[in-house]
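These notes concern the structure reproduced below.
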Amino acid sequence: MNFIFDKIDVLRNATRNGLEHKTFSYPSNLTAGIICILLAGLMLVMIPGQIEISEKDVVSGRDFPNLLMYLMLICSAVLILKDLYRIMTKQPLEMKTINLYTEVKALVIIGILVGTYLISSLSEMFILGSLFCVLAFLIFFNCRKPLYYAITLTLAVLIWVAFRFGLGVNF
């Protein structure tokens, strides 16, 4: 078992050494404004197909989401115009710096959560996804004590048994 952990440590250290010092900066307000305008536009296109309206309703179910999307468009436009003004007046833009290694770790965590969901939904057995999640996070956080694996796996199974058979929750 330690052989596997040693291989994972070698991979983790190689990734850290390769990405830890790689950073990049971007104009945060301008980027956020552009992304939010794209999302709001996409939502405005999708809302009519997703929310049905009734002839007898005074206020339809589309009104509130549409209002939110128009508000999002306005706020995004303000962010973009503010940064365009700064560019024209040659003022510095507000920049954010991202460390690539930190973002890769966040993507791995998201990958574990997506994998948990996929395993649970495709197998239709929540316990399999839970066991994968437990094991993946213990490995991700470099846990080497077998007792921790035994405790967390046992607790995951016991919680599933309690919900499935004790409370009758079928998930």
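Just remember, in the structure tokens the first chain shown is A, the second B, etc., residues are 1-based per chain, and ligands are 1-based in the order shown.
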
If you count only C-alpha atoms, which residues fall within 8 Å of range 14-21 of chain A, apart from same-chain ones fewer than 3 positions away, as a PDB file with all heavy atoms, in the first residue's frame?
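Saved the output as around.pdb:
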ATOM      1  N   VAL A  10       5.122  11.189  -5.489  1.00  0.00           N
ATOM      2  CA  VAL A  10       6.019  11.597  -6.568  1.00  0.00           C
ATOM      3  C   VAL A  10       5.248  12.445  -7.585  1.00  0.00           C
ATOM      4  O   VAL A  10       5.724  13.504  -8.012  1.00  0.00           O
ATOM      5  CB  VAL A  10       6.665  10.358  -7.238  1.00  0.00           C
ATOM      6  CG1 VAL A  10       7.357  10.745  -8.534  1.00  0.00           C
ATOM      7  CG2 VAL A  10       7.647   9.694  -6.291  1.00  0.00           C
ATOM      8  N   LEU A  11       4.046  12.002  -7.941  1.00  0.00           N
ATOM      9  CA  LEU A  11       3.210  12.759  -8.880  1.00  0.00           C
ATOM     10  C   LEU A  11       2.822  14.113  -8.299  1.00  0.00           C
ATOM     11  O   LEU A  11       2.892  15.138  -8.978  1.00  0.00           O
ATOM     12  CB  LEU A  11       1.962  11.951  -9.228  1.00  0.00           C
ATOM     13  CG  LEU A  11       0.972  12.616 -10.175  1.00  0.00           C
ATOM     14  CD1 LEU A  11       1.594  12.859 -11.536  1.00  0.00           C
ATOM     15  CD2 LEU A  11      -0.278  11.771 -10.301  1.00  0.00           C
ATOM     16  N   ASN A  99      -2.633  31.418  -8.811  1.00  0.00           N
ATOM     17  CA  ASN A  99      -1.564  30.431  -8.775  1.00  0.00           C
ATOM     18  C   ASN A  99      -2.089  29.163  -9.431  1.00  0.00           C
ATOM     19  O   ASN A  99      -3.128  28.632  -9.049  1.00  0.00           O
ATOM     20  CB  ASN A  99      -1.152  30.171  -7.326  1.00  0.00           C
ATOM     21  CG  ASN A  99      -0.024  29.182  -7.239  1.00  0.00           C
ATOM     22  OD1 ASN A  99      -0.153  28.034  -7.627  1.00  0.00           O
ATOM     23  ND2 ASN A  99       1.090  29.635  -6.716  1.00  0.00           N
ATOM     24  N   LEU A 100      -1.372  28.671 -10.419  1.00  0.00           N
ATOM     25  CA  LEU A 100      -1.831  27.533 -11.198  1.00  0.00           C
ATOM     26  C   LEU A 100      -1.937  26.254 -10.362  1.00  0.00           C
ATOM     27  O   LEU A 100      -2.865  25.469 -10.540  1.00  0.00           O
ATOM     28  CB  LEU A 100      -0.883  27.319 -12.379  1.00  0.00           C
ATOM     29  CG  LEU A 100      -1.493  26.830 -13.668  1.00  0.00           C
ATOM     30  CD1 LEU A 100      -2.697  27.647 -14.067  1.00  0.00           C
ATOM     31  CD2 LEU A 100      -0.471  26.832 -14.770  1.00  0.00           C
ATOM     32  N   TYR A 101      -1.007  26.040  -9.428  1.00  0.00           N
ATOM     33  CA  TYR A 101      -1.042  24.827  -8.602  1.00  0.00           C
ATOM     34  C   TYR A 101      -2.293  24.809  -7.716  1.00  0.00           C
ATOM     35  O   TYR A 101      -2.936  23.776  -7.569  1.00  0.00           O
ATOM     36  CB  TYR A 101       0.233  24.733  -7.749  1.00  0.00           C
ATOM     37  CG  TYR A 101       0.271  23.506  -6.879  1.00  0.00           C
ATOM     38  CD1 TYR A 101       0.310  22.240  -7.439  1.00  0.00           C
ATOM     39  CD2 TYR A 101       0.255  23.613  -5.501  1.00  0.00           C
ATOM     40  CE1 TYR A 101       0.341  21.107  -6.645  1.00  0.00           C
ATOM     41  CE2 TYR A 101       0.277  22.487  -4.696  1.00  0.00           C
ATOM     42  CZ  TYR A 101       0.326  21.241  -5.279  1.00  0.00           C
ATOM     43  OH  TYR A 101       0.349  20.126  -4.495  1.00  0.00           O
ATOM     44  N   THR A 102      -2.646  25.953  -7.163  1.00  0.00           N
ATOM     45  CA  THR A 102      -3.856  26.038  -6.339  1.00  0.00           C
ATOM     46  C   THR A 102      -5.093  25.718  -7.166  1.00  0.00           C
ATOM     47  O   THR A 102      -6.002  25.022  -6.698  1.00  0.00           O
ATOM     48  CB  THR A 102      -3.972  27.446  -5.732  1.00  0.00           C
ATOM     49  OG1 THR A 102      -2.793  27.719  -4.976  1.00  0.00           O
ATOM     50  CG2 THR A 102      -5.180  27.570  -4.839  1.00  0.00           C
TER      51      THR A 102
END

Please provide the set of residues having any atom within 12 Å of Thr154 in chain A, restricted to only C-alpha atoms, with same-chain residues fewer than 6 positions apart removed, written as a PDB file with all heavy atoms, in the first residue's frame.
ATOM      1  N   ILE A 127     -24.035   4.220  -2.082  1.00  0.00           N
ATOM      2  CA  ILE A 127     -22.931   3.745  -1.256  1.00  0.00           C
ATOM      3  C   ILE A 127     -21.636   3.656  -2.063  1.00  0.00           C
ATOM      4  O   ILE A 127     -20.564   3.964  -1.544  1.00  0.00           O
ATOM      5  CB  ILE A 127     -23.265   2.393  -0.571  1.00  0.00           C
ATOM      6  CG1 ILE A 127     -22.169   1.982   0.412  1.00  0.00           C
ATOM      7  CG2 ILE A 127     -23.495   1.305  -1.581  1.00  0.00           C
ATOM      8  CD1 ILE A 127     -22.035   2.899   1.591  1.00  0.00           C
ATOM      9  N   SER A 130     -20.283   7.111  -2.325  1.00  0.00           N
ATOM     10  CA  SER A 130     -19.788   7.544  -1.021  1.00  0.00           C
ATOM     11  C   SER A 130     -18.428   6.934  -0.711  1.00  0.00           C
ATOM     12  O   SER A 130     -17.533   7.617  -0.215  1.00  0.00           O
ATOM     13  CB  SER A 130     -20.778   7.155   0.074  1.00  0.00           C
ATOM     14  OG  SER A 130     -22.002   7.769  -0.127  1.00  0.00           O
ATOM     15  N   LEU A 131     -18.288   5.658  -0.994  1.00  0.00           N
ATOM     16  CA  LEU A 131     -17.003   4.995  -0.741  1.00  0.00           C
ATOM     17  C   LEU A 131     -15.901   5.575  -1.621  1.00  0.00           C
ATOM     18  O   LEU A 131     -14.775   5.792  -1.165  1.00  0.00           O
ATOM     19  CB  LEU A 131     -17.143   3.487  -0.946  1.00  0.00           C
ATOM     20  CG  LEU A 131     -18.060   2.766   0.038  1.00  0.00           C
ATOM     21  CD1 LEU A 131     -18.186   1.297  -0.330  1.00  0.00           C
ATOM     22  CD2 LEU A 131     -17.592   2.936   1.465  1.00  0.00           C
ATOM     23  N   VAL A 134     -14.960   8.999  -0.112  1.00  0.00           N
ATOM     24  CA  VAL A 134     -14.139   8.849   1.096  1.00  0.00           C
ATOM     25  C   VAL A 134     -12.703   8.496   0.721  1.00  0.00           C
ATOM     26  O   VAL A 134     -11.749   9.126   1.184  1.00  0.00           O
ATOM     27  CB  VAL A 134     -14.754   7.788   2.029  1.00  0.00           C
ATOM     28  CG1 VAL A 134     -13.766   7.348   3.087  1.00  0.00           C
ATOM     29  CG2 VAL A 134     -16.021   8.306   2.672  1.00  0.00           C
ATOM     30  N   LEU A 135     -12.549   7.490  -0.114  1.00  0.00           N
ATOM     31  CA  LEU A 135     -11.207   7.053  -0.504  1.00  0.00           C
ATOM     32  C   LEU A 135     -10.451   8.146  -1.266  1.00  0.00           C
ATOM     33  O   LEU A 135      -9.267   8.395  -1.005  1.00  0.00           O
ATOM     34  CB  LEU A 135     -11.291   5.788  -1.353  1.00  0.00           C
ATOM     35  CG  LEU A 135     -11.680   4.521  -0.618  1.00  0.00           C
ATOM     36  CD1 LEU A 135     -11.897   3.385  -1.604  1.00  0.00           C
ATOM     37  CD2 LEU A 135     -10.636   4.153   0.413  1.00  0.00           C
ATOM     38  N   LEU A 147      -5.865   3.066   9.791  1.00  0.00           N
ATOM     39  CA  LEU A 147      -6.977   3.196  10.726  1.00  0.00           C
ATOM     40  C   LEU A 147      -7.962   4.277  10.269  1.00  0.00           C
ATOM     41  O   LEU A 147      -9.172   4.112  10.409  1.00  0.00           O
ATOM     42  CB  LEU A 147      -6.454   3.503  12.139  1.00  0.00           C
ATOM     43  CG  LEU A 147      -7.509   3.597  13.237  1.00  0.00           C
ATOM     44  CD1 LEU A 147      -8.234   2.264  13.369  1.00  0.00           C
ATOM     45  CD2 LEU A 147      -6.872   4.006  14.541  1.00  0.00           C
ATOM     46  N   TYR A 148      -7.447   5.375   9.701  1.00  0.00           N
ATOM     47  CA  TYR A 148      -8.332   6.432   9.216  1.00  0.00           C
ATOM     48  C   TYR A 148      -9.209   5.931   8.067  1.00  0.00           C
ATOM     49  O   TYR A 148     -10.379   6.281   7.970  1.00  0.00           O
ATOM     50  CB  TYR A 148      -7.534   7.648   8.767  1.00  0.00           C
ATOM     51  CG  TYR A 148      -6.858   8.405   9.882  1.00  0.00           C
ATOM     52  CD1 TYR A 148      -5.974   9.430   9.605  1.00  0.00           C
ATOM     53  CD2 TYR A 148      -7.084   8.106  11.219  1.00  0.00           C
ATOM     54  CE1 TYR A 148      -5.354  10.132  10.610  1.00  0.00           C
ATOM     55  CE2 TYR A 148      -6.458   8.800  12.234  1.00  0.00           C
ATOM     56  CZ  TYR A 148      -5.602   9.810  11.924  1.00  0.00           C
ATOM     57  OH  TYR A 148      -4.982  10.502  12.923  1.00  0.00           O
ATOM     58  N   TRP A 160     -24.984   4.851   5.579  1.00  0.00           N
ATOM     59  CA  TRP A 160     -25.831   4.357   4.493  1.00  0.00           C
ATOM     60  C   TRP A 160     -26.817   3.304   5.007  1.00  0.00           C
ATOM     61  O   TRP A 160     -28.004   3.346   4.680  1.00  0.00           O
ATOM     62  CB  TRP A 160     -24.971   3.767   3.377  1.00  0.00           C
ATOM     63  CG  TRP A 160     -25.782   3.139   2.296  1.00  0.00           C
ATOM     64  CD1 TRP A 160     -26.509   3.761   1.338  1.00  0.00           C
ATOM     65  CD2 TRP A 160     -25.976   1.736   2.095  1.00  0.00           C
ATOM     66  NE1 TRP A 160     -27.126   2.837   0.523  1.00  0.00           N
ATOM     67  CE2 TRP A 160     -26.809   1.587   0.975  1.00  0.00           C
ATOM     68  CE3 TRP A 160     -25.500   0.592   2.739  1.00  0.00           C
ATOM     69  CZ2 TRP A 160     -27.194   0.347   0.501  1.00  0.00           C
ATOM     70  CZ3 TRP A 160     -25.878  -0.639   2.264  1.00  0.00           C
ATOM     71  CH2 TRP A 160     -26.723  -0.757   1.156  1.00  0.00           C
ATOM     72  N   VAL A 161     -26.335   2.375   5.846  1.00  0.00           N
ATOM     73  CA  VAL A 161     -27.201   1.330   6.404  1.00  0.00           C
ATOM     74  C   VAL A 161     -28.303   1.956   7.260  1.00  0.00           C
ATOM     75  O   VAL A 161     -29.472   1.563   7.173  1.00  0.00           O
ATOM     76  CB  VAL A 161     -26.374   0.307   7.228  1.00  0.00           C
ATOM     77  CG1 VAL A 161     -27.266  -0.575   8.085  1.00  0.00           C
ATOM     78  CG2 VAL A 161     -25.520  -0.536   6.302  1.00  0.00           C
TER      79      VAL A 161
END

Close residues, range 82-84 of chain A itself excluded, 8 Å, only C-alpha atoms, min 2 positions apart in chain, as a short mmCIF file (atom, residue, chain, number, x, y, z; two decimals) with all heavy atoms, in the first residue's frame:
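Wrote result.cif, looks like this:
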data_model
loop_
_atom_site.label_atom_id
_atom_site.label_comp_id
_atom_site.auth_asym_id
_atom_site.auth_seq_id
_atom_site.Cartn_x
_atom_site.Cartn_y
_atom_site.Cartn_z
N ASN A 29 -12.45 42.88 -12.90
CA ASN A 29 -13.76 43.47 -13.21
C ASN A 29 -14.15 43.28 -14.67
O ASN A 29 -15.30 42.95 -14.97
CB ASN A 29 -13.78 44.96 -12.87
CG ASN A 29 -13.79 45.20 -11.38
OD1 ASN A 29 -14.12 44.32 -10.59
ND2 ASN A 29 -13.41 46.41 -10.98
N LEU A 30 -13.21 43.47 -15.55
CA LEU A 30 -13.48 43.31 -16.97
C LEU A 30 -13.84 41.86 -17.30
O LEU A 30 -14.81 41.58 -18.00
CB LEU A 30 -12.27 43.77 -17.79
CG LEU A 30 -12.44 43.89 -19.28
CD1 LEU A 30 -13.51 44.91 -19.62
CD2 LEU A 30 -11.11 44.28 -19.92
N VAL A 78 -21.94 47.92 -16.21
CA VAL A 78 -21.29 48.94 -15.37
C VAL A 78 -19.84 48.55 -15.10
O VAL A 78 -18.94 49.40 -15.18
CB VAL A 78 -22.08 49.13 -14.06
CG1 VAL A 78 -21.29 49.96 -13.05
CG2 VAL A 78 -23.42 49.79 -14.34
N LEU A 79 -19.60 47.27 -14.79
CA LEU A 79 -18.22 46.82 -14.55
C LEU A 79 -17.35 47.03 -15.78
O LEU A 79 -16.22 47.52 -15.70
CB LEU A 79 -18.20 45.34 -14.17
CG LEU A 79 -18.53 44.97 -12.74
CD1 LEU A 79 -18.54 43.46 -12.58
CD2 LEU A 79 -17.55 45.60 -11.78
N ILE A 80 -17.88 46.66 -16.94
CA ILE A 80 -17.10 46.79 -18.18
C ILE A 80 -16.86 48.26 -18.51
O ILE A 80 -15.73 48.65 -18.85
CB ILE A 80 -17.82 46.07 -19.34
CG1 ILE A 80 -17.79 44.56 -19.09
CG2 ILE A 80 -17.18 46.41 -20.67
CD1 ILE A 80 -18.63 43.76 -20.05
N ARG A 86 -11.25 53.39 -17.27
CA ARG A 86 -9.89 53.34 -16.71
C ARG A 86 -8.85 53.15 -17.81
O ARG A 86 -7.75 53.71 -17.74
CB ARG A 86 -9.76 52.23 -15.68
CG ARG A 86 -10.41 52.55 -14.38
CD ARG A 86 -10.20 51.44 -13.40
NE ARG A 86 -10.51 51.94 -12.07
CZ ARG A 86 -9.94 51.52 -10.98
NH1 ARG A 86 -9.03 50.58 -11.02
NH2 ARG A 86 -10.28 52.03 -9.83
N ILE A 87 -9.18 52.34 -18.79
CA ILE A 87 -8.25 52.12 -19.89
C ILE A 87 -8.06 53.40 -20.69
O ILE A 87 -6.94 53.78 -21.04
CB ILE A 87 -8.75 50.97 -20.81
CG1 ILE A 87 -8.63 49.63 -20.09
CG2 ILE A 87 -7.97 50.93 -22.13
CD1 ILE A 87 -9.30 48.47 -20.81
N MET A 88 -9.17 54.13 -20.96
CA MET A 88 -9.08 55.38 -21.74
C MET A 88 -8.33 56.47 -20.98
O MET A 88 -7.64 57.27 -21.59
CB MET A 88 -10.48 55.85 -22.12
CG MET A 88 -11.10 55.04 -23.22
SD MET A 88 -12.58 55.82 -23.84
CE MET A 88 -13.83 54.87 -23.00
N LEU A 93 -5.76 49.01 -14.10
CA LEU A 93 -6.93 48.17 -13.84
C LEU A 93 -6.69 47.34 -12.58
O LEU A 93 -5.55 47.04 -12.23
CB LEU A 93 -7.19 47.23 -15.02
CG LEU A 93 -7.53 47.86 -16.35
CD1 LEU A 93 -7.69 46.80 -17.42
CD2 LEU A 93 -8.80 48.68 -16.23
#

For the helix (DSSP H, G or I) assignment from backbone DSSP, which residues of chain A qualify? Please present them as a PyMOL selection string.
chain A and resi 2-19+28-50+63-88+100-123+126-140+146-166

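Candidate residues A:Tyr70, A:Phe64, A:Tyr85, A:Phe3 were compared for distance to Arg144 in chain A, and the nearest is A:Phe3, using only C-alpha atoms.
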